[in-house]
Amino acid sequence: MRPSGWQWLAASSCLLCSLAAAETRPQYGSTLRAATRIAPLSLDPAEKSQADSVARRNLNRMMFDTLVVMDDRGRAQPALATSWQSASGNQRWQFWLRRGIKFHDGSPLTPEAVAAALRAANPEWVVSPAGDSVVIERDASDSDLPARLALPRNAITKRSEGGIPIGTGPFHVKDWQAGKKLSLAANEDYWGGRPFLDVIEIEMGRTFRDQLIALDLGRIDLAEVAPEQSQRARTEGRRVMTSAPAELVALVFGRDRSSAEDGKLREALALSIDRNSIRNVVLQDVGEPSGGVLPSWVSGYGFVFPAAQNLDRARQLRSEVKYAPSWSLGYEAEDSLARVMAERIVLNAQDAGIRLQITTSATADLRLVRLGLASLNPRIALAGAASFLRLAAPKVNGEGVDELYRAESALLQTQRMIPLFQLPVSYALSPAVKDWSEDRDGGRHLESVWLGSKP
């Protein structure tokens, strides 16, 4: 007897429900194809010659673990270390290690290996193994040491025979072509659970434009998106994920303020810049104008630092300086957004009587730079900004907001930096990417991602 139409419909419905249920269930396997603008020549997280960036950190976190990680509220959480405690006024810290962890080459993670990695990254620290723990001794009180251990440069690594660092992260290096391509395979014995993906293949040195084209053609599953293109990419139907503002765009002077007149010119330049206009026209309404180093969601007081244009005051300050030299304004040649922003800044400066000349030279008087948020701990983030400026880390006495504000104010008063914008980090995903996970600072968690079928 042939089944009736209702029976066929019921059978078809059951099949569709089964397929839908399977699609929402994480699946192991598949290769995720991604691209990035950066083209690192080394995978060593402690390599200081390579610029820090969100993209660089995202590469590191796939291969390497730290003793501690930071949550979105800037609090230290266990990773390779399960617990810790301090003594001697926060000068001596002890971290107990998670048991049973292995490096990618199969060797065990021992206190001796952890101590060696931390000493190599921090020669000024006294680090020693102690039973199933490591002890770190500093020459001064350091209440933020757990947060420092979450920095990428403090990832726990060891050297392979070929010189490539070996970690304990969710993926291990399968193939590495310096500056061109990185292929990663799942760590079957990862302490946090085996990743769903089998392989991640990353093409390096690809522009934002090239990445979006490759995504549209189905050649990659994950692309980085330029901040000013994120709104457009979304309206054009792409699946775009955006972080909180986590990348500072700023003007940075190559030398200290030389005189009171020099300081007045720097202040006049800061007041002449029409951040709102640049945001609306150049950045396509993305990001936040900023007069401070830290984004407001991290500090809680970012709005206090003035970011509005005050052309009258800028012109008054300029009139108080008898002679004003012409400054060269540098930017990265491959950064098309930086060039357009620089051109706008030059026009704003002219309105205040300040002369700027655009250049791609590395020896410019001031440069337009992008500076990623160094840490979700605001004190560590401020110290990172000071280090970028080659200044001493600002002293923050205690953990109160008032102390943090005073420290940031002191850093800005050096006039080595003119903050302009806080920009988010954006990614475009193919429809096949499931369970996307991202931190507020743009950090990605590809260990939790899996690939489903494409519609």
# chains A, B, ... in the order shown; residues from 1 in each chain; ligands from 1
>>> residues_around(residues="region 24-34 of chain A", least_positions_apart="2", cutoff="6 Å", atoms="only C-alpha atoms", output="list in words")
Ala21, Ala22, Phe196, Leu197, Asp198, Val199, Ile200, Glu201, Ile202, Ile220, Asp221 and Leu222 of chain A
>>> write_last_selection(atoms="N, CA and C atoms", output="mmCIF file, in the first residue's frame")
data_model
loop_
_atom_site.group_PDB
_atom_site.id
_atom_site.type_symbol
_atom_site.label_atom_id
_atom_site.label_comp_id
_atom_site.auth_asym_id
_atom_site.auth_seq_id
_atom_site.Cartn_x
_atom_site.Cartn_y
_atom_site.Cartn_z
ATOM 1 N N ALA A 21 18.109 19.964 13.841
ATOM 2 C CA ALA A 21 18.703 19.684 15.155
ATOM 3 C C ALA A 21 20.188 19.390 15.027
ATOM 4 N N ALA A 22 20.535 18.637 13.968
ATOM 5 C CA ALA A 22 21.949 18.324 13.746
ATOM 6 C C ALA A 22 22.746 19.579 13.450
ATOM 7 N N PHE A 196 36.628 22.189 18.143
ATOM 8 C CA PHE A 196 35.759 21.541 17.164
ATOM 9 C C PHE A 196 36.421 21.494 15.784
ATOM 10 N N LEU A 197 37.135 22.553 15.439
ATOM 11 C CA LEU A 197 37.799 22.603 14.136
ATOM 12 C C LEU A 197 38.989 21.658 14.101
ATOM 13 N N ASP A 198 39.219 21.044 12.950
ATOM 14 C CA ASP A 198 40.417 20.220 12.760
ATOM 15 C C ASP A 198 41.619 21.081 12.401
ATOM 16 N N VAL A 199 41.394 22.040 11.502
ATOM 17 C CA VAL A 199 42.496 22.847 10.966
ATOM 18 C C VAL A 199 42.034 24.293 10.800
ATOM 19 N N ILE A 200 42.953 25.233 11.021
ATOM 20 C CA ILE A 200 42.751 26.644 10.690
ATOM 21 C C ILE A 200 43.877 27.061 9.752
ATOM 22 N N GLU A 201 43.517 27.569 8.590
ATOM 23 C CA GLU A 201 44.501 28.049 7.632
ATOM 24 C C GLU A 201 44.383 29.560 7.509
ATOM 25 N N ILE A 202 45.494 30.264 7.714
ATOM 26 C CA ILE A 202 45.486 31.726 7.755
ATOM 27 C C ILE A 202 46.418 32.281 6.695
ATOM 28 N N ILE A 220 37.441 32.231 1.828
ATOM 29 C CA ILE A 220 37.750 32.225 3.253
ATOM 30 C C ILE A 220 36.434 32.302 4.033
ATOM 31 N N ASP A 221 36.517 31.953 5.310
ATOM 32 C CA ASP A 221 35.344 31.970 6.186
ATOM 33 C C ASP A 221 35.372 33.113 7.187
ATOM 34 N N LEU A 222 36.540 33.727 7.358
ATOM 35 C CA LEU A 222 36.710 34.762 8.374
ATOM 36 C C LEU A 222 37.615 35.865 7.834
#
>>> residues_around(residues="Glu447 (chain A)", least_positions_apart="4", cutoff="9 Å", atoms="only C-alpha atoms", output="JSON, numbers by chain")
{"A": [62, 170, 171, 186, 193, 194, 195, 196, 197]}
>>> residues_around(residues="Val135 (chain A)", least_positions_apart="2", cutoff="10 Å", atoms="only C-alpha atoms", output="PyMOL selection string")
chain A and resi 84-86+92-96+111+115+126-131+133+137
>>> closest_residue(among="A:Arg416, A:Arg344, A:Arg339, A:Arg238", to="Arg275 (chain A)", atoms="only C-alpha atoms")
A:Arg344
>>> residues_around(residues="Gln309 (chain A)", least_positions_apart="3", cutoff="7 Å", atoms="only C-alpha atoms", output="VMD selection string")
chain A and resid 271 to 274
>>> closest_residue(among="A:Pro424, A:Gly353, A:Pro40, A:Pro245", to="Pro227 (chain A)", atoms="only C-alpha atoms")
A:Pro424
>>> residues_around(residues="Arg148 (chain A)", least_positions_apart="2", cutoff="12 Å", atoms="only C-alpha atoms", output="mmCIF file with N, CA and C atoms, in the first residue's frame")
data_model
loop_
_atom_site.group_PDB
_atom_site.id
_atom_site.type_symbol
_atom_site.label_atom_id
_atom_site.label_comp_id
_atom_site.auth_asym_id
_atom_site.auth_seq_id
_atom_site.Cartn_x
_atom_site.Cartn_y
_atom_site.Cartn_z
ATOM 1 N N THR A 66 48.608 31.343 28.722
ATOM 2 C CA THR A 66 49.245 32.071 29.813
ATOM 3 C C THR A 66 48.784 31.471 31.142
ATOM 4 N N LEU A 67 49.474 31.814 32.213
ATOM 5 C CA LEU A 67 49.062 31.306 33.522
ATOM 6 C C LEU A 67 47.697 31.836 33.914
ATOM 7 N N VAL A 68 47.403 33.067 33.466
ATOM 8 C CA VAL A 68 46.185 33.768 33.863
ATOM 9 C C VAL A 68 45.558 34.389 32.617
ATOM 10 N N VAL A 69 44.251 34.503 32.596
ATOM 11 C CA VAL A 69 43.550 35.249 31.549
ATOM 12 C C VAL A 69 42.695 36.315 32.225
ATOM 13 N N MET A 70 42.277 37.308 31.419
ATOM 14 C CA MET A 70 41.454 38.396 31.942
ATOM 15 C C MET A 70 40.031 38.273 31.412
ATOM 16 N N GLY A 74 38.096 42.960 33.455
ATOM 17 C CA GLY A 74 39.460 43.227 33.870
ATOM 18 C C GLY A 74 39.900 42.463 35.098
ATOM 19 N N ARG A 75 39.267 41.323 35.367
ATOM 20 C CA ARG A 75 39.622 40.503 36.524
ATOM 21 C C ARG A 75 40.410 39.274 36.079
ATOM 22 N N ALA A 76 41.428 38.919 36.854
ATOM 23 C CA ALA A 76 42.252 37.764 36.533
ATOM 24 C C ALA A 76 41.500 36.470 36.803
ATOM 25 N N LEU A 118 59.135 32.314 31.801
ATOM 26 C CA LEU A 118 58.889 33.631 32.400
ATOM 27 C C LEU A 118 60.183 34.405 32.610
ATOM 28 N N ALA A 121 61.222 35.957 29.256
ATOM 29 C CA ALA A 121 60.411 37.118 28.869
ATOM 30 C C ALA A 121 60.614 38.297 29.810
ATOM 31 N N ASN A 122 61.049 38.017 31.052
ATOM 32 C CA ASN A 122 61.194 39.071 32.066
ATOM 33 C C ASN A 122 62.501 38.879 32.825
ATOM 34 N N ILE A 136 57.335 33.903 41.959
ATOM 35 C CA ILE A 136 57.858 35.090 41.275
ATOM 36 C C ILE A 136 58.116 36.161 42.328
ATOM 37 N N ASP A 142 53.861 44.691 43.647
ATOM 38 C CA ASP A 142 53.215 44.612 42.341
ATOM 39 C C ASP A 142 51.878 43.888 42.491
ATOM 40 N N SER A 143 50.836 44.655 42.818
ATOM 41 C CA SER A 143 49.515 44.049 43.004
ATOM 42 C C SER A 143 48.896 43.587 41.692
ATOM 43 N N ASP A 144 49.437 44.048 40.559
ATOM 44 C CA ASP A 144 48.886 43.690 39.256
ATOM 45 C C ASP A 144 49.650 42.561 38.574
ATOM 46 N N LEU A 145 50.479 41.847 39.302
ATOM 47 C CA LEU A 145 51.267 40.785 38.665
ATOM 48 C C LEU A 145 50.392 39.739 37.961
ATOM 49 N N PRO A 146 49.281 39.267 38.555
ATOM 50 C CA PRO A 146 48.445 38.313 37.813
ATOM 51 C C PRO A 146 47.995 38.856 36.460
ATOM 52 N N ALA A 150 48.897 37.721 32.166
ATOM 53 C CA ALA A 150 47.933 37.479 31.087
ATOM 54 C C ALA A 150 48.368 38.119 29.778
ATOM 55 N N LEU A 151 49.423 38.940 29.800
ATOM 56 C CA LEU A 151 49.896 39.579 28.576
ATOM 57 C C LEU A 151 50.484 38.526 27.637
ATOM 58 N N PRO A 152 50.322 38.706 26.315
ATOM 59 C CA PRO A 152 50.814 37.705 25.356
ATOM 60 C C PRO A 152 52.291 37.376 25.510
ATOM 61 N N ARG A 153 53.117 38.375 25.851
ATOM 62 C CA ARG A 153 54.555 38.120 25.945
ATOM 63 C C ARG A 153 54.894 37.157 27.088
ATOM 64 N N ASN A 154 53.936 36.955 28.015
ATOM 65 C CA ASN A 154 54.163 36.035 29.124
ATOM 66 C C ASN A 154 53.525 34.672 28.887
ATOM 67 N N ALA A 155 53.204 34.371 27.623
ATOM 68 C CA ALA A 155 52.732 33.033 27.286
ATOM 69 C C ALA A 155 53.831 32.018 27.577
ATOM 70 N N ALA A 374 46.242 47.429 25.571
ATOM 71 C CA ALA A 374 47.254 46.453 25.996
ATOM 72 C C ALA A 374 46.691 45.412 26.949
ATOM 73 N N SER A 375 45.714 45.800 27.753
ATOM 74 C CA SER A 375 45.157 44.882 28.747
ATOM 75 C C SER A 375 43.777 45.372 29.154
ATOM 76 N N LEU A 376 42.959 44.459 29.639
ATOM 77 C CA LEU A 376 41.664 44.849 30.191
ATOM 78 C C LEU A 376 41.809 45.342 31.627
ATOM 79 N N ASN A 377 43.011 45.245 32.168
ATOM 80 C CA ASN A 377 43.337 45.886 33.439
ATOM 81 C C ASN A 377 43.770 47.310 33.111
ATOM 82 N N PRO A 378 43.048 48.350 33.562
ATOM 83 C CA PRO A 378 43.362 49.714 33.138
ATOM 84 C C PRO A 378 44.750 50.183 33.530
ATOM 85 N N ARG A 379 45.268 49.719 34.654
ATOM 86 C CA ARG A 379 46.614 50.136 35.064
ATOM 87 C C ARG A 379 47.672 49.544 34.131
ATOM 88 N N ILE A 380 47.484 48.292 33.748
ATOM 89 C CA ILE A 380 48.408 47.664 32.804
ATOM 90 C C ILE A 380 48.273 48.327 31.434
ATOM 91 N N ALA A 381 47.047 48.684 31.050
ATOM 92 C CA ALA A 381 46.824 49.341 29.759
ATOM 93 C C ALA A 381 47.531 50.696 29.709
ATOM 94 N N ALA A 383 50.165 51.546 31.464
ATOM 95 C CA ALA A 383 51.598 51.263 31.422
ATOM 96 C C ALA A 383 52.024 50.885 30.007
ATOM 97 N N GLY A 384 51.158 50.161 29.289
ATOM 98 C CA GLY A 384 51.471 49.797 27.915
ATOM 99 C C GLY A 384 51.554 51.006 27.012
#
>>> residues_around(residues="Lys158 (chain A)", least_positions_apart="6", cutoff="8 Å", atoms="only C-alpha atoms", output="MDAnalysis selection string")
chainID A and resid 113 117 165:167
>>> closest_residue(among="A:Lys48, A:Arg73, A:Arg406, A:Arg98", to="Gly192 (chain A)", atoms="only C-alpha atoms")
A:Arg98
>>> closest_residue(among="A:Ala428, A:Ala386, A:Leu217, A:Leu337", to="Gln415 (chain A)", atoms="only C-alpha atoms")
A:Ala386
>>> select_by_dssp(residues="region 159-313 of chain A", states="strand (DSSP E)", output="ChimeraX atom specification")
/A:159,165-166,171-177,181-186,199-203,222-225,239-242,247-253,288-289
>>> closest_residue(among="A:Leu109, A:Ala223, A:Leu366, A:Leu429", to="Trp191 (chain A)", atoms="only C-alpha atoms")
A:Leu109
>>> select_by_dssp(residues="region 158-295 of chain A", states="alpha helix (DSSP H)", output="PyMOL selection string")
chain A and resi 208-216+230-235+260-272+275-281
>>> closest_residue(among="A:Ser258, A:Gln177, A:Leu389, A:Ser409", to="Val304 (chain A)", atoms="only C-alpha atoms")
A:Ser409
>>> atom_distance(atom1="CA of Val286 (chain A)", atom2="CA of Glu228 (chain A)")
6.2 Å
>>> atom_distance(atom1="CA of Val282 (chain A)", atom2="CA of Met341 (chain A)")
7.0 Å
>>> residues_around(residues="Gln413 (chain A)", least_positions_apart="6", cutoff="12 Å", atoms="only C-alpha atoms", output="VMD selection string")
chain A and resid 256 to 257 263 to 264 266 to 267 291 to 293 305 394 406 to 407 419
>>> write_last_selection(atoms="C-alpha atoms", output="CSV table (one decimal), in the first residue's frame")
chain,number,residue,atom,x,y,z
A,256,ASP,CA,59.5,65.4,24.4
A,257,ARG,CA,58.1,68.9,24.6
A,263,GLY,CA,53.7,73.0,24.5
A,264,LYS,CA,51.3,75.7,23.4
A,266,ARG,CA,50.8,71.0,20.7
A,267,GLU,CA,47.8,72.1,22.7
A,291,GLY,CA,40.6,62.9,24.4
A,292,GLY,CA,41.9,60.1,26.7
A,293,VAL,CA,44.1,57.1,26.4
A,305,PHE,CA,38.9,64.5,28.8
A,394,PRO,CA,52.6,56.2,35.4
A,406,ARG,CA,45.4,61.2,38.0
A,407,ALA,CA,47.8,58.7,36.4
A,419,PRO,CA,44.3,61.0,21.5
